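Working notes, structure below.
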Amino acid sequence: MNVHELRGRLSKAGQEHLLQFWTELEEAQQVELYAELEAMNLEELNVFFQKATAGFSRPQPDSVDARMEPVPREVLGSATRDQDQLQAWESEGLFQISQNKVAVLLLAGGQGTRLGVAYPKGMYDVGLPSHKTLFQIQAERILKLQQLAEKYHGNKCVIPWYIMTSGRTMESTEEFFTKHKYFGLRRENVIFFQQGMLPAMTFDGKIILEEKHKVSMAPDGNGGLYRALAAQRIVQDMERRGVGSVHVYCVDNILVRVADPRFIGFCVQKGADCGAKVVEKTNPTEPVGVVCRVDGVYQVVEYSEITLATAQRRGPDGRLLFSAGNIANHFFTVPFLRDVVRVHEPQLLHHVAQKKIPCVGPQGQRVKPDKPNGIKMEKFVFDIFQFAKKFVVYEVLREDEFSPLKNADSQGGKDNPTTARHALLSLHHCWVLNAGGHFVDENGSRLPAIPRLKDANDAPIQCEISPLVSYAGEGIEGYVAGKEFHAPLIIDENGVHELVKNGL
C-alpha cells in the first residue's frame, strides 16, 4: 500500500480528511479503506458534485407548468381505448420473442430495508398461498412466454434475463438463484451485473465517512443502469445474441408483465426506439411522476414539481390532462441503448437528494443526524427519454399490471405486502370468472362476482394461478369453465387444488 501517494491524491482533490483516523485503524481496516479509496476516481467525483449541485442551487425557471404538454394521442397506445389493436400488437410481440429478438432487464439493486428485511426485495414472499417470491413469479412468466411464442411460431426461443444488482445485493441474489436452480431457466440466459456506487457527500463536497474505515456509499440510482451497461459490456452481449428490443422494469411490481408481448409489439409496430408503459393517475394529487412533454421534449415530471391547478386540469373527455403515471416500465431498442451508452450517458446530470446520512464525527464518534447533513447523487432510468427519435407511451390498467411493494405492513397505508398480495389474488379471481368459472361459499351458494377491491381492507377471494399455467389469463378455460370452486384455490402445473373444501 502506497499510503503517501494516496494521501497526495486525496489532498489534491480536497478529500484528505478521509485518512484522519488512519493511525487508529487495525491493519485489516486499513487494507479495506485503502482499497475503497484507490478505486475512486476523485476528479470525476468532484465534477459530478459541481455539476449536480450547480443545477440544484440554480434558480429554477418559472414552474414547468406553463411548458408542459400532455402525451399526444398519436403516440399513445391504450389497453382500454385500442382494444381492436391488442391482438395485432400481441402477435407482433410473440413473433419478436420467437425470433430471439427480445430480452428483459430487471432493476434489482434495492434492499428490502423499508420492508423491514435485510435481503434483496426480489427474495420477498408477500404471503401468497404458494409462497412464491417476486423473483420466482417473474422467472416463471419468462418461462411461460417462451412456451407461448414457441407454440404459436414453432421454434424454441430464449428471452435472456439481465439482472442489475447493486454491491449490497449482488452476492445474495446470485446465491438465491443458484439455490433455486434458476427457477427452471437456463443459467447461461440469466446474466447478473452490478450498478455503480457513489459516495455520499456533505453540502460542501466532502466525502462522508460512515465509519472510521468505511466511506458512506449508495447505489447511483436506477439511471446508473447506462453506465453499468457500458462498464460490463452488456449491450455487446445483447448484440451478440441478436437481441433487438429490451423490456426494462423494477423488481418490486408483483403484477409486472415481463416482456409483455402487447407492449413490445406496440412499440415495434410504431417504429419506436424508446417507450414508456404508464397507468392512468387515480387522482390529481397521487404522488407519482407524469410522462409528458416539456418544451417539446419527453420526460417524467415529478409530482412535486407540478402545481395543483395543473394537476387538476382535465381534457374534453373528463380525463386528467396529465394522467400518464410513470411506473418505471420501459422499452428500448438495442441500437438506442448503444447510442445512449456511447454518446449520451456522460451528458446526464445527477439528481441531488438531501439525506440524513449516519457518519463519523470529528472525534471518531458515530453520529446519527436528525436533519439532512449531506447529499446522495443519482441518475434516473427515464433521464434518457430526451434522446429518443421516436418515443411512444402505452397505457395499461393499474389493477392488471401495477402493484408495487415499497413499505412494511406495519406502516399501514399502501404499497405493502398485503396490497400486493390482494392485487394478485384479485386479478386471478377475475381470470377465473372471465374463463367461465365460479366460486361458492361453504353452503354451495355462488359468491357474487365482485373481484375488484374497493379499498385495502377488502379481502379478496384466495385464488392463485401459477405463471406456468397462464401468463395473462389465457388458456385456463380447460381448468375452470362451467365449474364451481371453494377458496382457497391454486391452479398450477400439477392441476387444480382446492385447499379447503366445505369449510373443513
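Quick note on naming: the chains in the C-alpha cells go A, B, ... in the order shown, residues restart at 1 in each chain, and ligands are numbered from 1 in order of appearance.
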Write down as an MDAnalysis selection string the residues belonging to stretch 321-383 of chain A that are assigned strand (DSSP E or B) by DSSP computed on the backbone.
chainID A and resid 324:333 351:355 359:360 366:367 374:378
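All residues of protein, DNA or RNA that reach within 8 Å of A:Gly205, judged by only C-alpha atoms and not counting those fewer than 4 positions away in the chain, are Asn46, Phe49 and Met201 of chain A.
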Min atom-atom distance to A:Asp400 from the set A:Val334, A:Val3, A:Ala79, A:Ala328, counting only C-alpha atoms, belongs to A:Ala79
Within 10 Å of A:Ala481 using only C-alpha atoms, minus same-chain residues under 5 positions, as a PyMOL selection string
chain A and resi 432-438+476
Between A:Leu105, A:Leu185, A:Val291, A:Leu499, single out the one closest to A:Ser130, counting only C-alpha atoms.
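When distances to A:Ser130 are compared using only C-alpha atoms, the smallest one comes from A:Leu499.
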Have a look at A:Ala259, A:Ile357, A:Ala103, A:Ala408 and name the one nearest to A:Ala472; count only C-alpha atoms.
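Distance minimum relative to A:Ala472 lands on A:Ala259.
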Using only C-alpha atoms, which of the listed residues (A:Val300, A:Ala231, A:Leu489, A:Leu198) sits closest to A:Ser216?
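Going through A:Val300, A:Ala231, A:Leu489, A:Leu198 one by one, the smallest distance to A:Ser216 is for A:Leu198.
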When you look at A:Lys121 with a cut-off of 8 Å (counting only C-alpha atoms), what residues show up, excluding the ones that are within fewer than 4 positions of it in the same chain? I need them as JSON, numbers by chain.
{"A": [108, 110, 111, 112, 134, 251, 252]}
Using only C-alpha atoms, tabulate the residues of stretch 154-262 of chain A lying at most 9 Å from any atom of stretch 20-44 of chain A, each with its closest atom pair and that distance in Å to one decimal, by chain and increasing residue number, as a tab-separated table.
residue	atom	partner	partner_atom	distance
A:Leu198	CA	A:Met40	CA	9.0
A:Lys212	CA	A:Phe21	CA	6.0
A:His213	CA	A:Leu33	CA	5.2
A:Lys214	CA	A:Leu33	CA	5.9
A:Val215	CA	A:Glu36	CA	7.7
Create the file for the chosen residues now, containing N, CA, C and O atoms and written as a compact mmCIF listing (two decimals), in the first residue's frame.
# COMPACT_ATOMS: atom_id res chain seq x y z
N LEU A 198 -21.82 5.42 -5.52
CA LEU A 198 -21.22 6.74 -5.36
C LEU A 198 -21.19 7.09 -3.88
O LEU A 198 -22.11 6.74 -3.13
N LYS A 212 -14.89 4.90 10.69
CA LYS A 212 -13.52 5.41 10.54
C LYS A 212 -12.81 4.79 9.34
O LYS A 212 -11.94 5.41 8.74
N HIS A 213 -13.20 3.57 8.99
CA HIS A 213 -12.51 2.86 7.90
C HIS A 213 -13.42 2.60 6.71
O HIS A 213 -13.10 1.81 5.84
N LYS A 214 -14.55 3.31 6.65
CA LYS A 214 -15.54 2.98 5.61
C LYS A 214 -16.23 4.24 5.10
O LYS A 214 -16.75 5.02 5.89
N VAL A 215 -16.23 4.40 3.79
CA VAL A 215 -16.92 5.53 3.17
C VAL A 215 -18.41 5.21 3.08
O VAL A 215 -18.80 4.07 2.86
Compare A:Thr307, A:Thr133, A:Asn222, A:Asn189 by their minimum atom-to-atom distance to A:Ala420, counting only C-alpha atoms, and give me the closest one.
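The shortest atom-to-atom distance to A:Ala420 comes from A:Thr133.
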Skipping near chain neighbours, those fewer than 3 positions away, what residues fall within 7 Å of A:Cys292 using only C-alpha atoms, listed as a PyMOL selection string?
chain A and resi 68-71+298-300
Go ahead and write the residues just picked, all heavy atoms, as a short mmCIF file (atom, residue, chain, number, x, y, z; two decimals), in the first residue's frame.
data_model
loop_
_atom_site.label_atom_id
_atom_site.label_comp_id
_atom_site.auth_asym_id
_atom_site.auth_seq_id
_atom_site.Cartn_x
_atom_site.Cartn_y
_atom_site.Cartn_z
N MET A 68 -45.50 22.43 -19.94
CA MET A 68 -45.91 21.02 -20.03
C MET A 68 -47.01 20.81 -21.05
O MET A 68 -47.95 21.59 -21.12
CB MET A 68 -46.43 20.53 -18.67
CG MET A 68 -45.36 20.18 -17.68
SD MET A 68 -46.05 19.84 -16.03
CE MET A 68 -47.09 18.41 -16.33
N GLU A 69 -46.88 19.75 -21.84
CA GLU A 69 -47.95 19.33 -22.74
C GLU A 69 -48.24 17.86 -22.48
O GLU A 69 -47.30 17.08 -22.25
CB GLU A 69 -47.52 19.44 -24.21
CG GLU A 69 -47.01 20.76 -24.66
CD GLU A 69 -46.34 20.59 -26.03
OE1 GLU A 69 -47.07 20.51 -27.04
OE2 GLU A 69 -45.10 20.50 -26.08
N PRO A 70 -49.51 17.44 -22.53
CA PRO A 70 -49.81 16.03 -22.34
C PRO A 70 -49.32 15.18 -23.51
O PRO A 70 -49.00 15.71 -24.58
CB PRO A 70 -51.33 16.00 -22.24
CG PRO A 70 -51.80 17.24 -22.91
CD PRO A 70 -50.71 18.26 -22.75
N VAL A 71 -49.26 13.87 -23.31
CA VAL A 71 -48.87 12.95 -24.37
C VAL A 71 -49.91 13.01 -25.49
O VAL A 71 -51.10 12.82 -25.24
CB VAL A 71 -48.79 11.50 -23.81
CG1 VAL A 71 -48.53 10.51 -24.94
CG2 VAL A 71 -47.74 11.40 -22.73
N TYR A 298 -39.79 14.82 -24.42
CA TYR A 298 -40.43 13.89 -23.49
C TYR A 298 -39.60 13.72 -22.23
O TYR A 298 -38.37 13.59 -22.29
CB TYR A 298 -40.64 12.53 -24.15
CG TYR A 298 -41.80 12.56 -25.12
CD1 TYR A 298 -41.57 12.66 -26.49
CD2 TYR A 298 -43.11 12.52 -24.66
CE1 TYR A 298 -42.63 12.72 -27.38
CE2 TYR A 298 -44.17 12.59 -25.54
CZ TYR A 298 -43.93 12.68 -26.90
OH TYR A 298 -44.99 12.75 -27.77
N GLN A 299 -40.28 13.72 -21.10
CA GLN A 299 -39.60 13.47 -19.83
C GLN A 299 -40.64 13.08 -18.78
O GLN A 299 -41.83 13.06 -19.05
CB GLN A 299 -38.83 14.71 -19.37
CG GLN A 299 -39.68 15.91 -19.00
CD GLN A 299 -38.82 17.09 -18.53
OE1 GLN A 299 -38.15 17.73 -19.30
NE2 GLN A 299 -38.87 17.36 -17.23
N VAL A 300 -40.13 12.72 -17.60
CA VAL A 300 -41.02 12.48 -16.47
C VAL A 300 -40.90 13.69 -15.55
O VAL A 300 -39.81 14.06 -15.13
CB VAL A 300 -40.62 11.19 -15.71
CG1 VAL A 300 -41.46 11.04 -14.44
CG2 VAL A 300 -40.81 9.96 -16.60
#
Based on the backbone DSSP call, show me all residues of stretch 81-266 of chain A assigned helix (DSSP H, G or I), as a VMD selection string.
chain A and resid 86 to 98 113 to 115 121 to 123 134 to 153 170 to 179 181 to 184 187 to 189 222 to 231 234 to 241 261 to 266
Please list as a PDB file with N, CA and C atoms, in the first residue's frame every residue within 12 Å of A:Gln87, counting only C-alpha atoms and excluding residues in the same chain fewer than 5 positions away.
ATOM      1  N   ALA A  79     -54.517   0.000 -23.534  1.00  0.00           N
ATOM      2  CA  ALA A  79     -55.109  -1.325 -23.364  1.00  0.00           C
ATOM      3  C   ALA A  79     -56.628  -1.253 -23.325  1.00  0.00           C
ATOM      4  N   ASP A  82     -57.785   1.048 -27.215  1.00  0.00           N
ATOM      5  CA  ASP A  82     -57.354   0.495 -28.517  1.00  0.00           C
ATOM      6  C   ASP A  82     -57.551  -1.019 -28.546  1.00  0.00           C
ATOM      7  N   GLU A  92     -47.431  -9.492 -32.892  1.00  0.00           N
ATOM      8  CA  GLU A  92     -46.113  -8.942 -33.253  1.00  0.00           C
ATOM      9  C   GLU A  92     -45.096  -9.220 -32.148  1.00  0.00           C
ATOM     10  N   GLY A  93     -45.514  -8.992 -30.897  1.00  0.00           N
ATOM     11  CA  GLY A  93     -44.610  -9.223 -29.772  1.00  0.00           C
ATOM     12  C   GLY A  93     -44.192 -10.676 -29.657  1.00  0.00           C
ATOM     13  N   LEU A  94     -45.142 -11.588 -29.792  1.00  0.00           N
ATOM     14  CA  LEU A  94     -44.820 -13.019 -29.708  1.00  0.00           C
ATOM     15  C   LEU A  94     -43.915 -13.444 -30.859  1.00  0.00           C
ATOM     16  N   PRO A 261     -45.811  -9.026 -24.489  1.00  0.00           N
ATOM     17  CA  PRO A 261     -45.819  -9.022 -25.961  1.00  0.00           C
ATOM     18  C   PRO A 261     -46.653  -7.894 -26.554  1.00  0.00           C
ATOM     19  N   ARG A 262     -47.710  -7.456 -25.857  1.00  0.00           N
ATOM     20  CA  ARG A 262     -48.510  -6.341 -26.395  1.00  0.00           C
ATOM     21  C   ARG A 262     -47.699  -5.046 -26.402  1.00  0.00           C
ATOM     22  N   PHE A 263     -46.995  -4.793 -25.321  1.00  0.00           N
ATOM     23  CA  PHE A 263     -46.161  -3.584 -25.213  1.00  0.00           C
ATOM     24  C   PHE A 263     -45.031  -3.638 -26.237  1.00  0.00           C
ATOM     25  N   GLY A 265     -44.916  -5.431 -29.002  1.00  0.00           N
ATOM     26  CA  GLY A 265     -45.483  -5.367 -30.352  1.00  0.00           C
ATOM     27  C   GLY A 265     -45.933  -3.966 -30.717  1.00  0.00           C
ATOM     28  N   PHE A 266     -46.542  -3.263 -29.763  1.00  0.00           N
ATOM     29  CA  PHE A 266     -46.970  -1.878 -29.991  1.00  0.00           C
ATOM     30  C   PHE A 266     -45.761  -1.010 -30.344  1.00  0.00           C
TER      31      PHE A 266
END
Selection: 8 Å around A:Leu405, only C-alpha atoms, excl. self and same-chain fewer than 6 positions, as a short mmCIF file (atom, residue, chain, number, x, y, z; two decimals) with N, CA, C and O atoms, in the first residue's frame:
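Everything below was put into out.cif:
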data_model
loop_
_atom_site.label_atom_id
_atom_site.label_comp_id
_atom_site.auth_asym_id
_atom_site.auth_seq_id
_atom_site.Cartn_x
_atom_site.Cartn_y
_atom_site.Cartn_z
N ASP A 252 -40.00 -4.57 -7.89
CA ASP A 252 -40.98 -4.57 -6.80
C ASP A 252 -42.45 -4.61 -7.24
O ASP A 252 -43.34 -4.56 -6.41
N ASN A 253 -42.71 -4.72 -8.55
CA ASN A 253 -44.09 -4.75 -9.02
C ASN A 253 -44.55 -6.20 -9.21
O ASN A 253 -44.15 -6.88 -10.15
N ILE A 254 -45.41 -6.67 -8.32
CA ILE A 254 -45.82 -8.08 -8.33
C ILE A 254 -46.64 -8.44 -9.58
O ILE A 254 -46.68 -9.59 -9.99
N ASP A 415 -49.04 0.06 -0.89
CA ASP A 415 -47.79 -0.44 -1.48
C ASP A 415 -47.03 -1.33 -0.50
O ASP A 415 -45.81 -1.22 -0.35
N ASN A 416 -47.77 -2.20 0.18
CA ASN A 416 -47.16 -3.10 1.16
C ASN A 416 -47.46 -4.56 0.78
O ASN A 416 -48.15 -4.81 -0.21
N PRO A 417 -46.94 -5.54 1.53
CA PRO A 417 -47.18 -6.94 1.16
C PRO A 417 -48.65 -7.29 1.05
O PRO A 417 -49.05 -8.06 0.16
N ALA A 420 -50.06 -5.84 -2.24
CA ALA A 420 -49.51 -6.58 -3.38
C ALA A 420 -50.17 -7.95 -3.50
O ALA A 420 -50.59 -8.37 -4.58
#
How many Å separate atom CA of A:Glu211 from atom CA of A:Pro358?
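Between these atoms lies a distance of 8.8 Å.
Counting only C-alpha atoms and comparing A:Leu107, A:Leu468, A:Val64, A:Ile97, the residue that lies closest to A:Tyr303 is A:Val64.
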